[in-house]
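Asker: Take a look at this one; I'll ask things after.
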Amino acid sequence: MAKKLAKDAYLGLYEIMFRMRRFEEEVFEFYKKGLMPGLAHLYLGQEAVATGVCATLNEDDYIGSTHRGHGHLVARGADTGRMMAEILGKETGYCRGKGGSMHIMALDKGILGANGIVGGEIPIATGAGYSAKYRGTKQVAVSFLGESASNEGTFHESLNMAAAWDLPVVYVIENNLYGISVDIRDVTKTADLAVRAKAYDIPGVIVDGMDVLAVQAASEEAVKRARSGKGPTIIECKTYRWQGHHVGDPGEYRMRRDKKEKEKWQARCPIVAFRAVMLKEGIAEKAIASLEAAIEEEIQAAVKFAVDSPYPNENEAFADIFVGA
């Protein structure tokens, strides 16, 4: 059960989720205006997951991120200006414009890289967990993955290794139901993916991914277990993405993802729901509005920074390819 928090803690969680929402909305605007090279896979609707999980981590912990990874970086406190610049392919970005949306990384925040390969981040996070155990640092690694990545071989290989060696890894399945247009309920025997933990004799937890406090409570337990040397946990967060698979996908699939389903999930918006919780806990509307205004100012500054930043010089094309280069 989610515990009561101090007022500052409620505001802190809301700040992160609201920043994610506004960041992604501006990324979508970049795409619609033709300012962004390539595609972006928006995190709209899933804000409670990254926020709740990252709230339980230490500064030196690790994260393996996905192609839908902007929210993970925001939750870890990455600089929104540098993130925006990277998405636009600018020199001032986290990867000097060469990573873009799907390969953005922030090593200073423990983000080992977003990953364009489905399931590619799972063994990376598992390796980070092995490294932490080998060095005796008490660090924890989190692998964020989508529901379809749980059908990849890397998932099962990594889980087997992590369970056998009691590695400090938490596997967070962000189950938004659709891998591109494939309904996970049509391609797996069970709709509850966390039950797969039984095969590895580790805990598997299912949580409401639209409830940031529920996610935080589940993550606290899993991270504590990992940090104390008891091994990995699977947390399955039931959530939903507002948009299609990427910014160019209308998301109108000829299956169960119809207008009715989308409206049902959007009525449970994690940000709107948590705002109501905050008001019930006595947090003033004025304090919330002031926080939102400050974030809006930050996001607009990030947009300006990204737009005004230069593109990398062509001489940068072959830099950072080899060690020492």
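Lettering and numbering for the structure tokens are positional, with chains as A, B, ... in the shown order, residues counted from 1 in each chain, and ligands counted from 1 in the shown order.
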Write out as a list in words each polymer residue whose atoms come within 10 Å of Tyr200 in chain A, counting only C-alpha atoms; drop sequence neighbours fewer than 4 positions from it.

Answerer: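 In the requested format, the answer is His156, Leu159, Asn160, Met161, Ala162, Ala163, Ala164, Arg196, Gly204, Pro232 and Thr233 of chain A.
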
Asker: Per residue of range 79-181 of chain A within 12 Å of range 19-32 of chain A, which atom pair is closest and at what distance in Å (one decimal), using only C-alpha atoms, listed by chain and increasing number, as CSV?

Answerer:
```
residue,atom,partner,partner_atom,distance
A:Asp79,CA,A:Phe23,CA,11.2
A:Thr80,CA,A:Phe23,CA,7.7
A:Gly81,CA,A:Phe23,CA,9.9
A:Arg82,CA,A:Phe23,CA,12.0
A:Met83,CA,A:Phe23,CA,9.4
A:Met84,CA,A:Val27,CA,7.6
A:Ala85,CA,A:Val27,CA,10.6
A:Glu86,CA,A:Val27,CA,11.1
A:Ile87,CA,A:Val27,CA,8.0
A:Leu88,CA,A:Phe30,CA,8.3
A:Gly89,CA,A:Phe30,CA,12.0
A:Gly100,CA,A:Val27,CA,11.9
A:Ser101,CA,A:Val27,CA,9.7
```

Asker: Can you pull out every residue from range 102-182 of chain A that DSSP, working from the backbone, puts in helix (DSSP H, G or I), and format the result as a PyMOL selection string?

Answerer: chain A and resi 107-109+121-135+147-151+153-164

Asker: Given the selection you just returned, output its residues as a file containing N, CA, C and O atoms, formatted as a tab-separated table (two decimals), in the first residue's frame.

Answerer:
```
chain	number	residue	atom	x	y	z
A	107	LEU	N	25.27	9.76	-19.13
A	107	LEU	CA	26.08	8.95	-18.22
A	107	LEU	C	26.21	9.60	-16.85
A	107	LEU	O	26.37	8.90	-15.84
A	108	ASP	N	26.15	10.93	-16.81
A	108	ASP	CA	26.24	11.62	-15.51
A	108	ASP	C	25.03	11.33	-14.64
A	108	ASP	O	25.06	11.56	-13.43
A	109	LYS	N	23.96	10.83	-15.23
A	109	LYS	CA	22.76	10.47	-14.48
A	109	LYS	C	22.56	8.96	-14.41
A	109	LYS	O	21.50	8.48	-14.00
A	121	GLU	N	18.34	-3.04	-24.25
A	121	GLU	CA	18.79	-2.46	-22.98
A	121	GLU	C	18.82	-3.48	-21.84
A	121	GLU	O	19.47	-3.25	-20.82
A	122	ILE	N	18.14	-4.61	-22.02
A	122	ILE	CA	18.01	-5.56	-20.90
A	122	ILE	C	19.36	-6.17	-20.51
A	122	ILE	O	19.73	-6.15	-19.33
A	123	PRO	N	20.15	-6.71	-21.44
A	123	PRO	CA	21.46	-7.23	-21.05
A	123	PRO	C	22.43	-6.14	-20.62
A	123	PRO	O	23.35	-6.41	-19.83
A	124	ILE	N	22.25	-4.91	-21.11
A	124	ILE	CA	23.13	-3.81	-20.70
A	124	ILE	C	22.92	-3.53	-19.21
A	124	ILE	O	23.88	-3.42	-18.43
A	125	ALA	N	21.66	-3.41	-18.79
A	125	ALA	CA	21.36	-3.19	-17.38
A	125	ALA	C	21.80	-4.38	-16.53
A	125	ALA	O	22.29	-4.21	-15.41
A	126	THR	N	21.63	-5.58	-17.07
A	126	THR	CA	22.05	-6.78	-16.34
A	126	THR	C	23.56	-6.78	-16.14
A	126	THR	O	24.06	-7.11	-15.06
A	127	GLY	N	24.29	-6.36	-17.18
A	127	GLY	CA	25.74	-6.24	-17.06
A	127	GLY	C	26.15	-5.20	-16.03
A	127	GLY	O	27.13	-5.39	-15.29
A	128	ALA	N	25.41	-4.10	-15.98
A	128	ALA	CA	25.69	-3.06	-14.98
A	128	ALA	C	25.46	-3.62	-13.57
A	128	ALA	O	26.22	-3.31	-12.64
A	129	GLY	N	24.41	-4.43	-13.42
A	129	GLY	CA	24.15	-5.06	-12.14
A	129	GLY	C	25.26	-6.02	-11.75
A	129	GLY	O	25.67	-6.07	-10.58
A	130	TYR	N	25.75	-6.78	-12.75
A	130	TYR	CA	26.87	-7.69	-12.48
A	130	TYR	C	28.11	-6.92	-12.04
A	130	TYR	O	28.81	-7.30	-11.10
A	131	SER	N	28.37	-5.80	-12.73
A	131	SER	CA	29.51	-4.96	-12.39
A	131	SER	C	29.40	-4.45	-10.96
A	131	SER	O	30.39	-4.46	-10.20
A	132	ALA	N	28.21	-4.00	-10.57
A	132	ALA	CA	28.01	-3.47	-9.22
A	132	ALA	C	28.25	-4.56	-8.17
A	132	ALA	O	28.88	-4.31	-7.13
A	133	LYS	N	27.76	-5.77	-8.46
A	133	LYS	CA	27.96	-6.86	-7.50
A	133	LYS	C	29.44	-7.25	-7.42
A	133	LYS	O	29.98	-7.46	-6.33
A	134	TYR	N	30.09	-7.30	-8.56
A	134	TYR	CA	31.51	-7.67	-8.61
A	134	TYR	C	32.36	-6.67	-7.82
A	134	TYR	O	33.29	-7.04	-7.10
A	135	ARG	N	32.01	-5.38	-7.96
A	135	ARG	CA	32.78	-4.33	-7.28
A	135	ARG	C	32.32	-4.08	-5.85
A	135	ARG	O	32.96	-3.34	-5.11
A	147	GLU	N	6.34	-4.23	-23.04
A	147	GLU	CA	5.74	-5.56	-22.91
A	147	GLU	C	6.23	-6.52	-23.99
A	147	GLU	O	6.49	-7.70	-23.73
A	148	SER	N	6.42	-6.04	-25.22
A	148	SER	CA	6.85	-6.93	-26.30
A	148	SER	C	8.30	-7.37	-26.13
A	148	SER	O	8.68	-8.45	-26.61
A	149	ALA	N	9.10	-6.57	-25.44
A	149	ALA	CA	10.49	-6.95	-25.19
A	149	ALA	C	10.57	-8.17	-24.27
A	149	ALA	O	11.59	-8.88	-24.26
A	150	SER	N	9.50	-8.43	-23.52
A	150	SER	CA	9.51	-9.60	-22.63
A	150	SER	C	9.38	-10.90	-23.42
A	150	SER	O	9.50	-11.99	-22.85
A	151	ASN	N	9.16	-10.79	-24.73
A	151	ASN	CA	9.14	-11.98	-25.59
A	151	ASN	C	10.48	-12.19	-26.30
A	151	ASN	O	10.62	-13.13	-27.08
A	153	GLY	N	14.56	-12.95	-26.63
A	153	GLY	CA	15.51	-13.85	-25.97
A	153	GLY	C	16.37	-13.16	-24.93
A	153	GLY	O	16.72	-13.75	-23.90
A	154	THR	N	16.71	-11.89	-25.19
A	154	THR	CA	17.55	-11.15	-24.23
A	154	THR	C	16.89	-11.03	-22.87
A	154	THR	O	17.58	-11.00	-21.85
A	155	PHE	N	15.56	-10.97	-22.85
A	155	PHE	CA	14.84	-10.88	-21.59
A	155	PHE	C	15.07	-12.15	-20.76
A	155	PHE	O	15.47	-12.10	-19.59
A	156	HIS	N	14.83	-13.29	-21.37
A	156	HIS	CA	14.93	-14.55	-20.64
A	156	HIS	C	16.37	-14.91	-20.29
A	156	HIS	O	16.65	-15.40	-19.18
A	157	GLU	N	17.28	-14.64	-21.18
A	157	GLU	CA	18.70	-14.89	-20.89
A	157	GLU	C	19.18	-14.03	-19.73
A	157	GLU	O	19.89	-14.50	-18.82
A	158	SER	N	18.78	-12.76	-19.75
A	158	SER	CA	19.20	-11.84	-18.69
A	158	SER	C	18.56	-12.19	-17.35
A	158	SER	O	19.23	-12.16	-16.31
A	159	LEU	N	17.27	-12.53	-17.38
A	159	LEU	CA	16.59	-12.92	-16.14
A	159	LEU	C	17.21	-14.17	-15.53
A	159	LEU	O	17.39	-14.25	-14.31
A	160	ASN	N	17.55	-15.13	-16.38
A	160	ASN	CA	18.16	-16.36	-15.88
A	160	ASN	C	19.49	-16.07	-15.21
A	160	ASN	O	19.78	-16.56	-14.11
A	161	MET	N	20.31	-15.25	-15.84
A	161	MET	CA	21.62	-14.90	-15.29
A	161	MET	C	21.47	-14.11	-13.99
A	161	MET	O	22.13	-14.40	-12.98
A	162	ALA	N	20.58	-13.10	-14.00
A	162	ALA	CA	20.41	-12.25	-12.83
A	162	ALA	C	19.88	-13.04	-11.64
A	162	ALA	O	20.30	-12.83	-10.50
A	163	ALA	N	18.95	-13.95	-11.90
A	163	ALA	CA	18.38	-14.77	-10.83
A	163	ALA	C	19.41	-15.76	-10.28
A	163	ALA	O	19.54	-15.93	-9.06
A	164	ALA	N	20.14	-16.40	-11.19
A	164	ALA	CA	21.13	-17.40	-10.76
A	164	ALA	C	22.23	-16.79	-9.90
A	164	ALA	O	22.72	-17.42	-8.96
```

Asker: With distances taken over only C-alpha atoms, which residue among A:Glu252, A:Glu59, A:Asp320, A:Asp208 lies nearest Val182 in chain A?

Answerer: A:Glu252

Asker: Separation of CA of Ala194 in chain A and CA of Gly229 in chain A, in Å?

Answerer: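 Distance between the two atoms: 20.8 Å.
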
Asker: Give me, as a PyMOL selection string, all polymer residues having an atom no more than 7 Å from Gly231 in chain A, counting only C-alpha atoms and skipping those fewer than 4 positions away in the same chain.

Answerer: chain A and resi 162-163+166-169+225-226

Asker: Report, in Å to a single decimal, how far apart CA of His41 in chain A and CA of Ala197 in chain A are.

Answerer: 27.7 Å
